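The structure appears below as structure tokens.
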Amino acid sequence: MSNTFHTIGLIGKPNHKGTTQTLKRLHHWLSMQGYKILVEERVAGELGPLAQSVDLLEIGKQCDLAIVVGGDGNMLGAARVLARFNIGVIGVNRGNLGFLTDLPPDSFEEALSKVLEGEFEIEQRFLLEAEVHRHGELKSSNTAVNEAVLHPGKIAHMIEFEVYIDDKFMYSQRADGMIISTPTGSTAYSLSAGGAILTPNLAAMILVPMFPHTLSCRPIVVDAASIIKLKVSPHNGDNLEVSCDGHVHLSVLPGDEIIIKRSEETLRLVHPKGHNYFHVLRTKLGWGSKLF
């Protein structure tokens with residue numbers, strides 16, 4: 001058994017047949033090797049009476065490594081909680097694209113064995129902190145691994161807002177919203193809206209307007225130390241939101257200010273030795289292979 005990892009947390013997508021099968025295999029395989037295993041409470045019941053059920057916070061507090069089985073959405077949900085703890089996180093892909101989940105679900109044993117033996121790479125991914133301020137008072141906040149998005153609530157329509165970088169006015173926008181993304185999120189919502197791909201090692205954020213009502217507006221990359229402020233016009237309708245990774249929704253009213261900045265928390269992603277980010281891009285995005 002590796003000296004690096006002693007207690008391993010298992011996290012997965014609830015009520016998903018393929019995920020449950022993989023979690024059961026993982027639980028049995030790790031148990032046979034003598035690891036202490038804690039299972040996130042939402043999926044513990046599906047693994048039988050031997051699974052030790054705890055909440056996600058306890059996995060962060062007690063475990064050395066968390067294995068997330070599912071897609072990138074499951075990884076993002078777990079990451080927003082686990083980033084506050086000094087815990088490595090690795091993913092088994094049971095989703096669609098799986099930019100953040102390295103291990104194959106049907107043959108994870110070989111690669112995971114090497115990781116548990118100490119053959120792995122650690123990659124630090126920074127998070128965003130999104131805050132909604134109203135009349136100078138903080139009303140709500142949350143973190144995002146991929147992106148924070150200002151947008152109308154249930155029905156898409158044009159909204160008006162101003163954008164400031166480090167308290168310097170950049171421009172006003174009439175658009176369907178604004179995406180502020182980390183490098184991790186640059187292959188997610190930002191990419192589909194026309195943003196550039198930022199390699200994970202960059203200390204940068206990208207701002208991508210959503211369907212701006214001008215032909216001159218383009219995405220812009222700023223330093224990760226920048227503080228981004230969006231001032232929502234008081235003439236907008238109600239029911240605006242800031243979405244964090246598409247999971248957490250913060251209510252926004254006309255006249256509110258949204259502050260988005262780099263979080264002090266970082267996600268410790270564990271990759272098998274030899275992980276190649278550009279191989280991931282080629283595979284997931286269908287880029288051309290080598291010609292010679």
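Chain labels run A, B, ... following the order of the structure tokens; each chain numbers its residues from 1, and ligands are numbered from 1 in the order shown.
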Any chance you could tabulate, as JSON lines, the residues of range 159-204 of chain A at most 12 Å from range 279-292 of chain A with each one's nearest atom pair and distance in Å to one decimal, using only C-alpha atoms, in chain and rising number order?
{"residue": "A:Ser186", "atom": "CA", "partner": "A:Leu281", "partner_atom": "CA", "distance": 11.6}
{"residue": "A:Thr187", "atom": "CA", "partner": "A:Leu281", "partner_atom": "CA", "distance": 8.8}
{"residue": "A:Ala188", "atom": "CA", "partner": "A:Leu285", "partner_atom": "CA", "distance": 11.3}
{"residue": "A:Leu191", "atom": "CA", "partner": "A:Leu285", "partner_atom": "CA", "distance": 10.8}
{"residue": "A:Ser192", "atom": "CA", "partner": "A:Leu285", "partner_atom": "CA", "distance": 11.6}
{"residue": "A:Ile197", "atom": "CA", "partner": "A:Leu281", "partner_atom": "CA", "distance": 9.8}
{"residue": "A:Leu198", "atom": "CA", "partner": "A:Leu281", "partner_atom": "CA", "distance": 11.5}
{"residue": "A:Thr199", "atom": "CA", "partner": "A:Leu281", "partner_atom": "CA", "distance": 10.3}
{"residue": "A:Pro200", "atom": "CA", "partner": "A:Leu281", "partner_atom": "CA", "distance": 11.9}
File of the preceding selection, N, CA, C and O atoms, as an mmCIF file, in the first residue's frame:
data_model
loop_
_atom_site.group_PDB
_atom_site.id
_atom_site.type_symbol
_atom_site.label_atom_id
_atom_site.label_comp_id
_atom_site.auth_asym_id
_atom_site.auth_seq_id
_atom_site.Cartn_x
_atom_site.Cartn_y
_atom_site.Cartn_z
ATOM 1 N N SER A 186 -12.184 27.232 -19.657
ATOM 2 C CA SER A 186 -12.061 27.763 -21.018
ATOM 3 C C SER A 186 -12.432 26.723 -22.076
ATOM 4 O O SER A 186 -12.665 27.071 -23.234
ATOM 5 N N THR A 187 -12.507 25.428 -21.700
ATOM 6 C CA THR A 187 -12.954 24.394 -22.639
ATOM 7 C C THR A 187 -14.414 24.027 -22.400
ATOM 8 O O THR A 187 -14.894 23.024 -22.929
ATOM 9 N N ALA A 188 -15.110 24.835 -21.613
ATOM 10 C CA ALA A 188 -16.511 24.543 -21.304
ATOM 11 C C ALA A 188 -17.413 25.598 -21.949
ATOM 12 O O ALA A 188 -17.362 25.817 -23.152
ATOM 13 N N LEU A 191 -15.811 28.214 -24.259
ATOM 14 C CA LEU A 191 -15.421 27.726 -25.593
ATOM 15 C C LEU A 191 -16.614 27.755 -26.540
ATOM 16 O O LEU A 191 -16.501 28.196 -27.694
ATOM 17 N N SER A 192 -17.771 27.310 -26.066
ATOM 18 C CA SER A 192 -18.952 27.270 -26.927
ATOM 19 C C SER A 192 -19.431 28.671 -27.292
ATOM 20 O O SER A 192 -20.124 28.854 -28.297
ATOM 21 N N ILE A 197 -9.082 29.009 -25.803
ATOM 22 C CA ILE A 197 -8.665 27.996 -24.838
ATOM 23 C C ILE A 197 -7.431 28.507 -24.106
ATOM 24 O O ILE A 197 -6.447 28.915 -24.730
ATOM 25 N N LEU A 198 -7.484 28.510 -22.771
ATOM 26 C CA LEU A 198 -6.345 28.889 -21.941
ATOM 27 C C LEU A 198 -5.749 27.619 -21.343
ATOM 28 O O LEU A 198 -6.458 26.824 -20.730
ATOM 29 N N THR A 199 -4.462 27.427 -21.514
ATOM 30 C CA THR A 199 -3.835 26.242 -20.924
ATOM 31 C C THR A 199 -3.876 26.350 -19.398
ATOM 32 O O THR A 199 -3.827 27.454 -18.843
ATOM 33 N N PRO A 200 -3.981 25.221 -18.698
ATOM 34 C CA PRO A 200 -4.251 25.246 -17.259
ATOM 35 C C PRO A 200 -3.201 25.949 -16.420
ATOM 36 O O PRO A 200 -3.495 26.391 -15.313
#
Inset, instruction - Please return as a PyMOL selection string: the residues of range 62-184 of chain A that backbone DSSP assigns to helix (DSSP H, G or I). - result: chain A and resi 62+72-82+109-116+184
Residues near Lys273 in chain A, anyone? I mean within 10 Å using only C-alpha atoms, not counting same-chain ones fewer than 3 positions away, as a PDB file with C-alpha atoms, in the first residue's frame.
ATOM      1  CA  ALA A 111      -3.548   3.438 -14.177  1.00  0.00           C
ATOM      2  CA  LYS A 114       0.443   3.360 -10.541  1.00  0.00           C
ATOM      3  CA  VAL A 115      -1.100   6.485  -9.001  1.00  0.00           C
ATOM      4  CA  GLY A 118       3.230   7.215  -6.161  1.00  0.00           C
ATOM      5  CA  GLU A 119       3.489   7.574  -9.941  1.00  0.00           C
ATOM      6  CA  PHE A 120       1.355  10.655 -10.482  1.00  0.00           C
ATOM      7  CA  GLU A 121       1.441  14.369 -11.256  1.00  0.00           C
ATOM      8  CA  ILE A 122      -0.271  17.128  -9.302  1.00  0.00           C
ATOM      9  CA  VAL A 270      -4.129  14.170  -9.569  1.00  0.00           C
ATOM     10  CA  ASN A 276      -0.624  15.371 -21.665  1.00  0.00           C
TER      11      ASN A 276
END
Could you give me, as CSV, a per-residue list for range 83-188 of chain A showing, wherever an atom lies at most 12 Å from an atom of range 47-56 of chain A, the closest pair of atoms and their distance in Å to one decimal, using only C-alpha atoms and sorting by chain then residue number from low to high?
residue,atom,partner,partner_atom,distance
A:Ala83,CA,A:Leu56,CA,11.4
A:Arg84,CA,A:Leu56,CA,11.6
A:Phe85,CA,A:Leu56,CA,11.0
Let's have the selection written as a short mmCIF file (atom, residue, chain, number, x, y, z; two decimals), in the first residue's frame, with all heavy atoms.
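Output contents, as saved in selection04.cif:
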data_model
loop_
_atom_site.label_atom_id
_atom_site.label_comp_id
_atom_site.auth_asym_id
_atom_site.auth_seq_id
_atom_site.Cartn_x
_atom_site.Cartn_y
_atom_site.Cartn_z
N ALA A 83 -11.90 21.75 -2.64
CA ALA A 83 -10.78 22.67 -2.85
C ALA A 83 -10.32 23.34 -1.57
O ALA A 83 -9.18 23.80 -1.48
CB ALA A 83 -11.16 23.73 -3.89
N ARG A 84 -11.19 23.41 -0.56
CA ARG A 84 -10.79 24.06 0.70
C ARG A 84 -9.93 23.14 1.57
O ARG A 84 -9.41 23.56 2.59
CB ARG A 84 -12.03 24.51 1.47
CG ARG A 84 -12.85 23.41 2.08
CD ARG A 84 -14.20 23.87 2.61
NE ARG A 84 -15.13 24.19 1.53
CZ ARG A 84 -16.43 24.40 1.71
NH1 ARG A 84 -16.94 24.35 2.93
NH2 ARG A 84 -17.22 24.65 0.69
N PHE A 85 -9.78 21.87 1.17
CA PHE A 85 -8.98 20.92 1.92
C PHE A 85 -7.74 20.53 1.12
O PHE A 85 -7.72 20.61 -0.11
CB PHE A 85 -9.80 19.66 2.23
CG PHE A 85 -11.09 19.93 2.97
CD1 PHE A 85 -12.29 20.00 2.30
CD2 PHE A 85 -11.08 20.14 4.35
CE1 PHE A 85 -13.48 20.26 2.97
CE2 PHE A 85 -12.26 20.40 5.03
CZ PHE A 85 -13.46 20.46 4.34
#
Determine, for each residue of range 72-137 of chain A having at least one atom at most 12 Å from an atom of range 205-223 of chain A, the closest pair of atoms and their separation in Å to one decimal, counting only C-alpha atoms; order by chain and ascending number, as CSV.
residue,atom,partner,partner_atom,distance
A:Phe126,CA,A:Met205,CA,10.2
A:Leu127,CA,A:Met205,CA,10.3
A:Leu128,CA,A:Met205,CA,9.3
Selection export as a compact mmCIF listing (two decimals), in the first residue's frame, atoms kept: all heavy atoms:
# COMPACT_ATOMS: atom_id res chain seq x y z
N PHE A 126 -6.86 26.99 -10.10
CA PHE A 126 -7.47 28.00 -9.22
C PHE A 126 -8.97 28.12 -9.47
O PHE A 126 -9.48 27.77 -10.54
CB PHE A 126 -6.76 29.35 -9.36
CG PHE A 126 -7.04 30.13 -10.62
CD1 PHE A 126 -8.17 30.94 -10.73
CD2 PHE A 126 -6.16 30.09 -11.69
CE1 PHE A 126 -8.43 31.67 -11.87
CE2 PHE A 126 -6.40 30.82 -12.84
CZ PHE A 126 -7.54 31.61 -12.94
N LEU A 127 -9.69 28.61 -8.47
CA LEU A 127 -11.13 28.79 -8.53
C LEU A 127 -11.45 30.28 -8.56
O LEU A 127 -10.58 31.12 -8.28
CB LEU A 127 -11.82 28.15 -7.32
CG LEU A 127 -12.04 26.63 -7.33
CD1 LEU A 127 -10.72 25.88 -7.21
CD2 LEU A 127 -12.98 26.21 -6.21
N LEU A 128 -12.69 30.60 -8.87
CA LEU A 128 -13.19 31.96 -8.81
C LEU A 128 -14.09 32.13 -7.59
O LEU A 128 -14.76 31.19 -7.16
CB LEU A 128 -14.01 32.31 -10.06
CG LEU A 128 -13.30 32.27 -11.40
CD1 LEU A 128 -14.29 32.57 -12.52
CD2 LEU A 128 -12.13 33.25 -11.45
Inset, instruction - Please report, as a VMD selection string, each residue of range 82-166 of chain A to which DSSP assigns strand (DSSP E) when run on this structure's backbone. - result: chain A and resid 88 to 93 120 to 134 137 to 144 147 to 152 159 to 165
Legend entry - Counting only C-alpha atoms, the option among A:Asn146, A:Ser113, A:Gln62, A:Asn93 closest to Val248 in chain A: A:Asn146
Inset, instruction - Tell me, as a PyMOL selection string, which residues lie within 9 Å of Met75 in chain A, counting only C-alpha atoms; anything in the same chain fewer than 2 positions away does not count. - result: chain A and resi 11-12+68-73+77-80+89-91+100-101
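The closest residue to Gly34 in chain A, picked from A:Ala224, A:Ala204, A:Ile8, A:Ala144 and counting only C-alpha atoms, is A:Ile8.
If you count only C-alpha atoms and ignore residues fewer than 3 places along the chain from Glu123 in chain A, what sits within 8 Å of it is A:Arg268, A:Leu269, A:Val270, A:His271.
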Take the residues from that selection and write them out as a short mmCIF file (atom, residue, chain, number, x, y, z; two decimals), in the first residue's frame, keeping N, CA, C and O atoms.
data_model
loop_
_atom_site.label_atom_id
_atom_site.label_comp_id
_atom_site.auth_asym_id
_atom_site.auth_seq_id
_atom_site.Cartn_x
_atom_site.Cartn_y
_atom_site.Cartn_z
N ARG A 268 -6.53 20.47 -6.19
CA ARG A 268 -5.35 19.64 -6.45
C ARG A 268 -5.77 18.45 -7.30
O ARG A 268 -6.22 17.44 -6.78
N LEU A 269 -5.63 18.59 -8.62
CA LEU A 269 -5.98 17.49 -9.51
C LEU A 269 -4.82 16.51 -9.59
O LEU A 269 -3.66 16.90 -9.78
N VAL A 270 -5.13 15.23 -9.45
CA VAL A 270 -4.13 14.17 -9.57
C VAL A 270 -4.27 13.54 -10.95
O VAL A 270 -5.36 13.14 -11.36
N HIS A 271 -3.15 13.48 -11.68
CA HIS A 271 -3.13 12.85 -13.00
C HIS A 271 -2.16 11.67 -12.99
O HIS A 271 -1.13 11.70 -12.30
#
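For the pair CA of Val163 in chain A and CA of Phe99 in chain A, the separation is 29.8 Å.
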